[in-house]
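Asker: Just one file: input.cif, with mmCIF, N, CA and C atoms.
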data_data
loop_
_atom_site.label_atom_id
_atom_site.label_comp_id
_atom_site.auth_asym_id
_atom_site.auth_seq_id
_atom_site.Cartn_x
_atom_site.Cartn_y
_atom_site.Cartn_z
N MET A 1 31.10 151.51 154.80
CA MET A 1 32.44 152.03 154.66
C MET A 1 32.33 153.51 154.34
N LYS A 2 32.79 154.32 155.25
CA LYS A 2 32.68 155.76 155.08
C LYS A 2 33.92 156.33 154.41
N GLN A 3 33.72 157.45 153.76
CA GLN A 3 34.82 158.17 153.13
C GLN A 3 35.65 158.79 154.23
N LEU A 4 36.96 158.65 154.16
CA LEU A 4 37.86 159.21 155.16
C LEU A 4 37.97 160.72 154.98
N PRO A 5 38.22 161.45 156.07
CA PRO A 5 38.39 162.91 155.93
C PRO A 5 39.52 163.23 154.96
N GLY A 6 39.24 164.08 154.00
CA GLY A 6 40.24 164.49 153.02
C GLY A 6 40.44 163.51 151.88
N GLU A 7 39.75 162.37 151.91
CA GLU A 7 39.89 161.37 150.86
C GLU A 7 39.02 161.76 149.66
N SER A 8 39.59 161.69 148.48
CA SER A 8 38.82 162.02 147.28
C SER A 8 37.78 160.94 147.02
N TYR A 9 36.76 161.31 146.28
CA TYR A 9 35.71 160.36 145.94
C TYR A 9 36.31 159.19 145.16
N GLU A 10 37.25 159.47 144.26
CA GLU A 10 37.86 158.43 143.44
C GLU A 10 38.63 157.42 144.28
N LEU A 11 39.40 157.89 145.27
CA LEU A 11 40.15 156.98 146.13
C LEU A 11 39.20 156.16 146.99
N TRP A 12 38.14 156.79 147.48
CA TRP A 12 37.17 156.07 148.28
C TRP A 12 36.50 154.97 147.45
N VAL A 13 36.14 155.28 146.20
CA VAL A 13 35.52 154.29 145.32
C VAL A 13 36.46 153.11 145.12
N LYS A 14 37.74 153.38 144.94
CA LYS A 14 38.72 152.30 144.75
C LYS A 14 38.80 151.44 146.00
N ARG A 15 38.75 152.06 147.17
CA ARG A 15 38.78 151.32 148.43
C ARG A 15 37.54 150.44 148.57
N VAL A 16 36.38 150.98 148.24
CA VAL A 16 35.13 150.21 148.29
C VAL A 16 35.22 149.03 147.32
N GLU A 17 35.74 149.28 146.14
CA GLU A 17 35.86 148.22 145.13
C GLU A 17 36.73 147.08 145.66
N GLN A 18 37.87 147.41 146.25
CA GLN A 18 38.77 146.39 146.78
C GLN A 18 38.10 145.60 147.91
N TYR A 19 37.40 146.30 148.81
CA TYR A 19 36.72 145.66 149.91
C TYR A 19 35.65 144.70 149.40
N GLU A 20 34.81 145.17 148.48
CA GLU A 20 33.72 144.35 147.97
C GLU A 20 34.25 143.17 147.15
N PHE A 21 35.35 143.35 146.45
CA PHE A 21 35.95 142.26 145.69
C PHE A 21 36.42 141.17 146.65
N GLY A 22 37.08 141.57 147.74
CA GLY A 22 37.53 140.61 148.74
C GLY A 22 36.36 139.88 149.39
N ARG A 23 35.31 140.62 149.70
CA ARG A 23 34.13 140.02 150.30
C ARG A 23 33.50 139.01 149.35
N ALA A 24 33.42 139.36 148.07
CA ALA A 24 32.83 138.46 147.08
C ALA A 24 33.67 137.18 146.96
N LEU A 25 34.99 137.31 146.98
CA LEU A 25 35.85 136.13 146.89
C LEU A 25 35.64 135.21 148.09
N MET A 26 35.48 135.79 149.28
CA MET A 26 35.24 134.98 150.47
C MET A 26 33.90 134.25 150.37
N GLU A 27 32.87 134.92 149.88
CA GLU A 27 31.57 134.28 149.73
C GLU A 27 31.64 133.15 148.71
N LEU A 28 32.37 133.35 147.62
CA LEU A 28 32.53 132.29 146.62
C LEU A 28 33.28 131.11 147.22
N ALA A 29 34.31 131.39 148.03
CA ALA A 29 35.07 130.32 148.67
C ALA A 29 34.22 129.53 149.66
N ASN A 30 33.21 130.19 150.23
CA ASN A 30 32.31 129.52 151.17
C ASN A 30 31.16 128.79 150.46
N GLY A 31 31.17 128.79 149.12
CA GLY A 31 30.20 128.02 148.37
C GLY A 31 28.91 128.73 148.02
N VAL A 32 28.86 130.05 148.19
CA VAL A 32 27.65 130.79 147.82
C VAL A 32 27.54 130.82 146.30
N ASP A 33 26.32 130.74 145.81
CA ASP A 33 26.06 130.74 144.37
C ASP A 33 26.67 131.98 143.71
N PRO A 34 27.51 131.82 142.67
CA PRO A 34 28.17 132.96 142.03
C PRO A 34 27.21 134.04 141.54
N GLU A 35 26.05 133.62 141.01
CA GLU A 35 25.08 134.60 140.53
C GLU A 35 24.55 135.46 141.69
N GLN A 36 24.32 134.83 142.82
CA GLN A 36 23.86 135.55 144.01
C GLN A 36 24.94 136.49 144.52
N VAL A 37 26.18 136.04 144.52
CA VAL A 37 27.30 136.88 144.97
C VAL A 37 27.43 138.10 144.08
N LEU A 38 27.34 137.91 142.79
CA LEU A 38 27.45 139.02 141.83
C LEU A 38 26.34 140.03 142.04
N GLU A 39 25.11 139.54 142.20
CA GLU A 39 23.96 140.43 142.40
C GLU A 39 24.10 141.23 143.69
N GLN A 40 24.46 140.57 144.78
CA GLN A 40 24.59 141.26 146.06
C GLN A 40 25.74 142.26 146.05
N THR A 41 26.85 141.87 145.46
CA THR A 41 28.01 142.77 145.38
C THR A 41 27.66 144.01 144.57
N SER A 42 27.00 143.80 143.46
CA SER A 42 26.59 144.92 142.61
C SER A 42 25.66 145.86 143.37
N ASN A 43 24.66 145.30 144.05
CA ASN A 43 23.72 146.13 144.81
C ASN A 43 24.40 146.92 145.92
N ARG A 44 25.32 146.28 146.64
CA ARG A 44 26.02 146.98 147.72
C ARG A 44 26.88 148.12 147.18
N MET A 45 27.59 147.86 146.07
CA MET A 45 28.46 148.90 145.52
C MET A 45 27.65 150.07 144.98
N ILE A 46 26.57 149.80 144.29
CA ILE A 46 25.74 150.88 143.76
C ILE A 46 25.18 151.73 144.89
N ALA A 47 24.70 151.08 145.94
CA ALA A 47 24.16 151.81 147.09
C ALA A 47 25.22 152.70 147.73
N LYS A 48 26.44 152.17 147.86
CA LYS A 48 27.52 152.96 148.47
C LYS A 48 27.92 154.13 147.58
N PHE A 49 28.00 153.91 146.29
CA PHE A 49 28.44 154.96 145.38
C PHE A 49 27.40 156.07 145.25
N GLN A 50 26.14 155.71 145.35
CA GLN A 50 25.09 156.72 145.21
C GLN A 50 24.91 157.55 146.47
N HIS A 51 25.24 157.00 147.62
CA HIS A 51 24.94 157.68 148.88
C HIS A 51 25.50 159.11 148.95
N PRO A 52 26.81 159.32 148.73
CA PRO A 52 27.32 160.70 148.83
C PRO A 52 26.71 161.65 147.81
N ILE A 53 26.40 161.14 146.64
CA ILE A 53 25.82 161.97 145.59
C ILE A 53 24.39 162.36 145.97
N LEU A 54 23.61 161.38 146.41
CA LEU A 54 22.23 161.68 146.81
C LEU A 54 22.20 162.59 148.04
N GLU A 55 23.13 162.39 148.95
CA GLU A 55 23.21 163.26 150.12
C GLU A 55 23.48 164.70 149.71
N ALA A 56 24.39 164.89 148.77
CA ALA A 56 24.71 166.24 148.29
C ALA A 56 23.50 166.86 147.59
N ILE A 57 22.78 166.07 146.83
CA ILE A 57 21.59 166.58 146.15
C ILE A 57 20.54 167.00 147.16
N ASN A 58 20.35 166.19 148.19
CA ASN A 58 19.34 166.50 149.21
C ASN A 58 19.72 167.70 150.07
N ASN A 59 21.00 168.06 150.09
CA ASN A 59 21.46 169.18 150.91
C ASN A 59 21.69 170.46 150.10
N ILE A 60 21.12 170.54 148.91
CA ILE A 60 21.26 171.74 148.10
C ILE A 60 20.54 172.88 148.82
N PRO A 61 21.21 174.03 148.97
CA PRO A 61 20.57 175.16 149.65
C PRO A 61 19.29 175.59 148.94
N SER A 62 18.35 176.13 149.70
CA SER A 62 17.06 176.51 149.13
C SER A 62 17.18 177.64 148.11
N GLY A 63 18.21 178.47 148.20
CA GLY A 63 18.37 179.58 147.26
C GLY A 63 19.19 179.22 146.04
N TYR A 64 19.33 177.94 145.75
CA TYR A 64 20.16 177.48 144.64
C TYR A 64 19.58 177.96 143.31
N ASP A 65 20.43 178.52 142.46
CA ASP A 65 20.01 179.03 141.16
C ASP A 65 20.56 178.12 140.07
N SER A 66 19.71 177.27 139.52
CA SER A 66 20.17 176.31 138.51
C SER A 66 20.60 177.01 137.23
N THR A 67 19.98 178.14 136.89
CA THR A 67 20.35 178.88 135.68
C THR A 67 21.79 179.36 135.78
N GLU A 68 22.15 179.88 136.93
CA GLU A 68 23.53 180.34 137.14
C GLU A 68 24.50 179.17 137.04
N SER A 69 24.14 178.04 137.60
CA SER A 69 24.99 176.85 137.56
C SER A 69 25.16 176.35 136.13
N GLN A 70 24.09 176.36 135.35
CA GLN A 70 24.17 175.92 133.96
C GLN A 70 25.08 176.84 133.15
N GLU A 71 24.97 178.12 133.38
CA GLU A 71 25.81 179.08 132.67
C GLU A 71 27.28 178.90 133.04
N HIS A 72 27.52 178.66 134.32
CA HIS A 72 28.88 178.41 134.79
C HIS A 72 29.45 177.15 134.10
N TYR A 73 28.65 176.10 134.00
CA TYR A 73 29.06 174.87 133.34
C TYR A 73 29.39 175.14 131.87
N ARG A 74 28.52 175.87 131.19
CA ARG A 74 28.76 176.19 129.77
C ARG A 74 30.07 176.96 129.60
N THR A 75 30.29 177.93 130.47
CA THR A 75 31.50 178.75 130.39
C THR A 75 32.75 177.91 130.57
N ILE A 76 32.74 177.04 131.54
CA ILE A 76 33.95 176.28 131.86
C ILE A 76 34.17 175.11 130.92
N TYR A 77 33.12 174.34 130.64
CA TYR A 77 33.31 173.09 129.91
C TYR A 77 32.89 173.12 128.45
N GLN A 78 31.73 173.63 128.17
CA GLN A 78 31.23 173.55 126.80
C GLN A 78 31.88 174.56 125.88
N ASN A 79 32.07 175.76 126.32
CA ASN A 79 32.56 176.82 125.45
C ASN A 79 34.06 176.76 125.21
N ARG A 80 34.79 176.01 125.99
CA ARG A 80 36.24 176.00 125.81
C ARG A 80 36.71 175.14 124.64
N PHE A 81 35.81 174.34 124.07
CA PHE A 81 36.19 173.46 122.99
C PHE A 81 35.87 174.02 121.62
N GLY A 82 35.42 175.26 121.55
CA GLY A 82 35.15 175.87 120.27
C GLY A 82 33.81 175.48 119.71
N PRO A 83 33.57 175.80 118.43
CA PRO A 83 32.27 175.53 117.84
C PRO A 83 32.01 174.01 117.72
N LYS A 84 30.73 173.67 117.74
CA LYS A 84 30.34 172.28 117.61
C LYS A 84 30.42 171.86 116.15
N PRO A 85 30.63 170.57 115.91
CA PRO A 85 30.60 170.09 114.53
C PRO A 85 29.24 170.32 113.89
N ASP A 86 29.20 170.32 112.57
CA ASP A 86 27.98 170.61 111.83
C ASP A 86 26.83 169.64 112.16
N HIS A 87 27.16 168.39 112.48
CA HIS A 87 26.11 167.40 112.70
C HIS A 87 25.51 167.45 114.11
N VAL A 88 26.02 168.30 115.00
CA VAL A 88 25.50 168.42 116.36
C VAL A 88 24.45 169.52 116.40
N GLN A 89 23.28 169.17 116.89
CA GLN A 89 22.17 170.12 116.95
C GLN A 89 22.07 170.73 118.35
N ASP A 90 21.83 172.03 118.42
CA ASP A 90 21.54 172.69 119.69
C ASP A 90 20.08 172.43 120.06
N ASP A 91 19.82 172.29 121.34
CA ASP A 91 18.44 172.08 121.80
C ASP A 91 17.71 173.38 121.89
#
Can you present the structure in this file as structure tokens?

Answerer:
Amino acid sequence: MKQLPGESYELWVKRVEQYEFGRALMELANGVDPEQVLEQTSNRMIAKFQHPILEAINNIPSGYDSTESQEHYRTIYQNRFGPKPDHVQDD
């Protein structure tokens, strides 16, 4: 099941979930062992959810600067919440 053009990752995940749930119900109705259905459904969903992420990781440009990306992350997400509580240690 491929992601539709313009479809967000979240909507695609919901679509996959609905499809796999329906498939699992059909397998249960056909008498397949519930433990086997659960295992197969879980494996299929994990494989589908990881595919776009792994594809993006494998397509990272060769000139990618992780230091710049980390600083960008700190600026946007970590620094906007103010100082850390006393019990949080910096690495």

Asker: What is the distance between atom CA of A:Arg44 and atom C of A:Glu20, in Å to one decimal?

Answerer: 9.1 Å

Asker: Run DSSP on the backbone of this structure and report the residues of chain A it assigns to alpha helix (DSSP H), as a ChimeraX atom specification.

Answerer: /A:9-29,34-58,66-73

Asker: How many Å separate atom C of A:Phe49 from atom N of A:Pro34?

Answerer: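 Here the two named atoms are 24.4 Å from each other.
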
Asker: Please report the interatomic distance between atom C of A:Arg15 and atom CA of A:Thr41 in Å with one decimal.

Answerer: 12.6 Å

Asker: Pick from A:Ile57, A:Val37, A:Leu4, A:Ile76: nearest to A:Arg23, with all atoms listed in the file counted?

Answerer: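 When distances to A:Arg23 are compared using all atoms listed in the file, the smallest one comes from A:Val37.
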
Asker: Box time for stretch 21-31 of chain A: axis-aligned, enclosing all its listed atoms, 4 Å extra on each side; report centre and edge lengths in Å to one decimal, as AutoDock Vina command-line options.

Answerer:
--center_x 33.2 --center_y 135.7 --center_z 148.4 --size_x 16.6 --size_y 23.3 --size_z 13.5

Asker: Which is closest to A:Met1 among A:Ile53, A:Ile46, A:Val16, A:Met26, if we use only N, CA and C atoms?

Answerer: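 Comparing A:Ile53, A:Ile46, A:Val16, A:Met26 against A:Met1, the winner is A:Val16.
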
Asker: For stretch 26-48 of chain A, where the input has fewer atoms than it should, I would like N, CA, C and O atoms rebuilt and written as a short mmCIF file (atom, residue, chain, number, x, y, z; two decimals), in the coordinates of the input.

Answerer:
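Result file is rebuild_5.cif:
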data_model
loop_
_atom_site.label_atom_id
_atom_site.label_comp_id
_atom_site.auth_asym_id
_atom_site.auth_seq_id
_atom_site.Cartn_x
_atom_site.Cartn_y
_atom_site.Cartn_z
N MET A 26 35.48 135.79 149.28
CA MET A 26 35.24 134.98 150.47
C MET A 26 33.90 134.25 150.37
O MET A 26 33.79 133.07 150.75
N GLU A 27 32.87 134.92 149.88
CA GLU A 27 31.57 134.28 149.73
C GLU A 27 31.64 133.15 148.71
O GLU A 27 31.05 132.08 148.92
N LEU A 28 32.37 133.35 147.62
CA LEU A 28 32.53 132.29 146.62
C LEU A 28 33.28 131.11 147.22
O LEU A 28 32.93 129.94 146.97
N ALA A 29 34.31 131.39 148.03
CA ALA A 29 35.07 130.32 148.67
C ALA A 29 34.22 129.53 149.66
O ALA A 29 34.46 128.34 149.89
N ASN A 30 33.21 130.19 150.23
CA ASN A 30 32.31 129.52 151.17
C ASN A 30 31.16 128.79 150.46
O ASN A 30 30.27 128.27 151.10
N GLY A 31 31.17 128.79 149.12
CA GLY A 31 30.20 128.02 148.37
C GLY A 31 28.91 128.73 148.02
O GLY A 31 27.95 128.10 147.58
N VAL A 32 28.86 130.05 148.19
CA VAL A 32 27.65 130.79 147.82
C VAL A 32 27.54 130.82 146.30
O VAL A 32 28.55 130.89 145.58
N ASP A 33 26.32 130.74 145.81
CA ASP A 33 26.06 130.74 144.37
C ASP A 33 26.67 131.98 143.71
O ASP A 33 26.41 133.11 144.15
N PRO A 34 27.51 131.82 142.67
CA PRO A 34 28.17 132.96 142.03
C PRO A 34 27.21 134.04 141.54
O PRO A 34 27.50 135.22 141.63
N GLU A 35 26.05 133.62 141.01
CA GLU A 35 25.08 134.60 140.53
C GLU A 35 24.55 135.46 141.69
O GLU A 35 24.38 136.67 141.56
N GLN A 36 24.32 134.83 142.82
CA GLN A 36 23.86 135.55 144.01
C GLN A 36 24.94 136.49 144.52
O GLN A 36 24.66 137.64 144.89
N VAL A 37 26.18 136.04 144.52
CA VAL A 37 27.30 136.88 144.97
C VAL A 37 27.43 138.10 144.08
O VAL A 37 27.58 139.23 144.56
N LEU A 38 27.34 137.91 142.79
CA LEU A 38 27.45 139.02 141.83
C LEU A 38 26.34 140.03 142.04
O LEU A 38 26.58 141.24 142.08
N GLU A 39 25.11 139.54 142.20
CA GLU A 39 23.96 140.43 142.40
C GLU A 39 24.10 141.23 143.69
O GLU A 39 23.90 142.45 143.71
N GLN A 40 24.46 140.57 144.78
CA GLN A 40 24.59 141.26 146.06
C GLN A 40 25.74 142.26 146.05
O GLN A 40 25.61 143.36 146.57
N THR A 41 26.85 141.87 145.46
CA THR A 41 28.01 142.77 145.38
C THR A 41 27.66 144.01 144.57
O THR A 41 27.97 145.14 144.97
N SER A 42 27.00 143.80 143.46
CA SER A 42 26.59 144.92 142.61
C SER A 42 25.66 145.86 143.37
O SER A 42 25.84 147.08 143.35
N ASN A 43 24.66 145.30 144.05
CA ASN A 43 23.72 146.13 144.81
C ASN A 43 24.40 146.92 145.92
O ASN A 43 24.11 148.10 146.13
N ARG A 44 25.32 146.28 146.64
CA ARG A 44 26.02 146.98 147.72
C ARG A 44 26.88 148.12 147.18
O ARG A 44 26.91 149.21 147.74
N MET A 45 27.59 147.86 146.07
CA MET A 45 28.46 148.90 145.52
C MET A 45 27.65 150.07 144.98
O MET A 45 28.00 151.23 145.22
N ILE A 46 26.57 149.80 144.29
CA ILE A 46 25.74 150.88 143.76
C ILE A 46 25.18 151.73 144.89
O ILE A 46 25.20 152.96 144.84
N ALA A 47 24.70 151.08 145.94
CA ALA A 47 24.16 151.81 147.09
C ALA A 47 25.22 152.70 147.73
O ALA A 47 24.96 153.86 148.07
N LYS A 48 26.44 152.17 147.86
CA LYS A 48 27.52 152.96 148.47
C LYS A 48 27.92 154.13 147.58
O LYS A 48 28.16 155.23 148.07
#
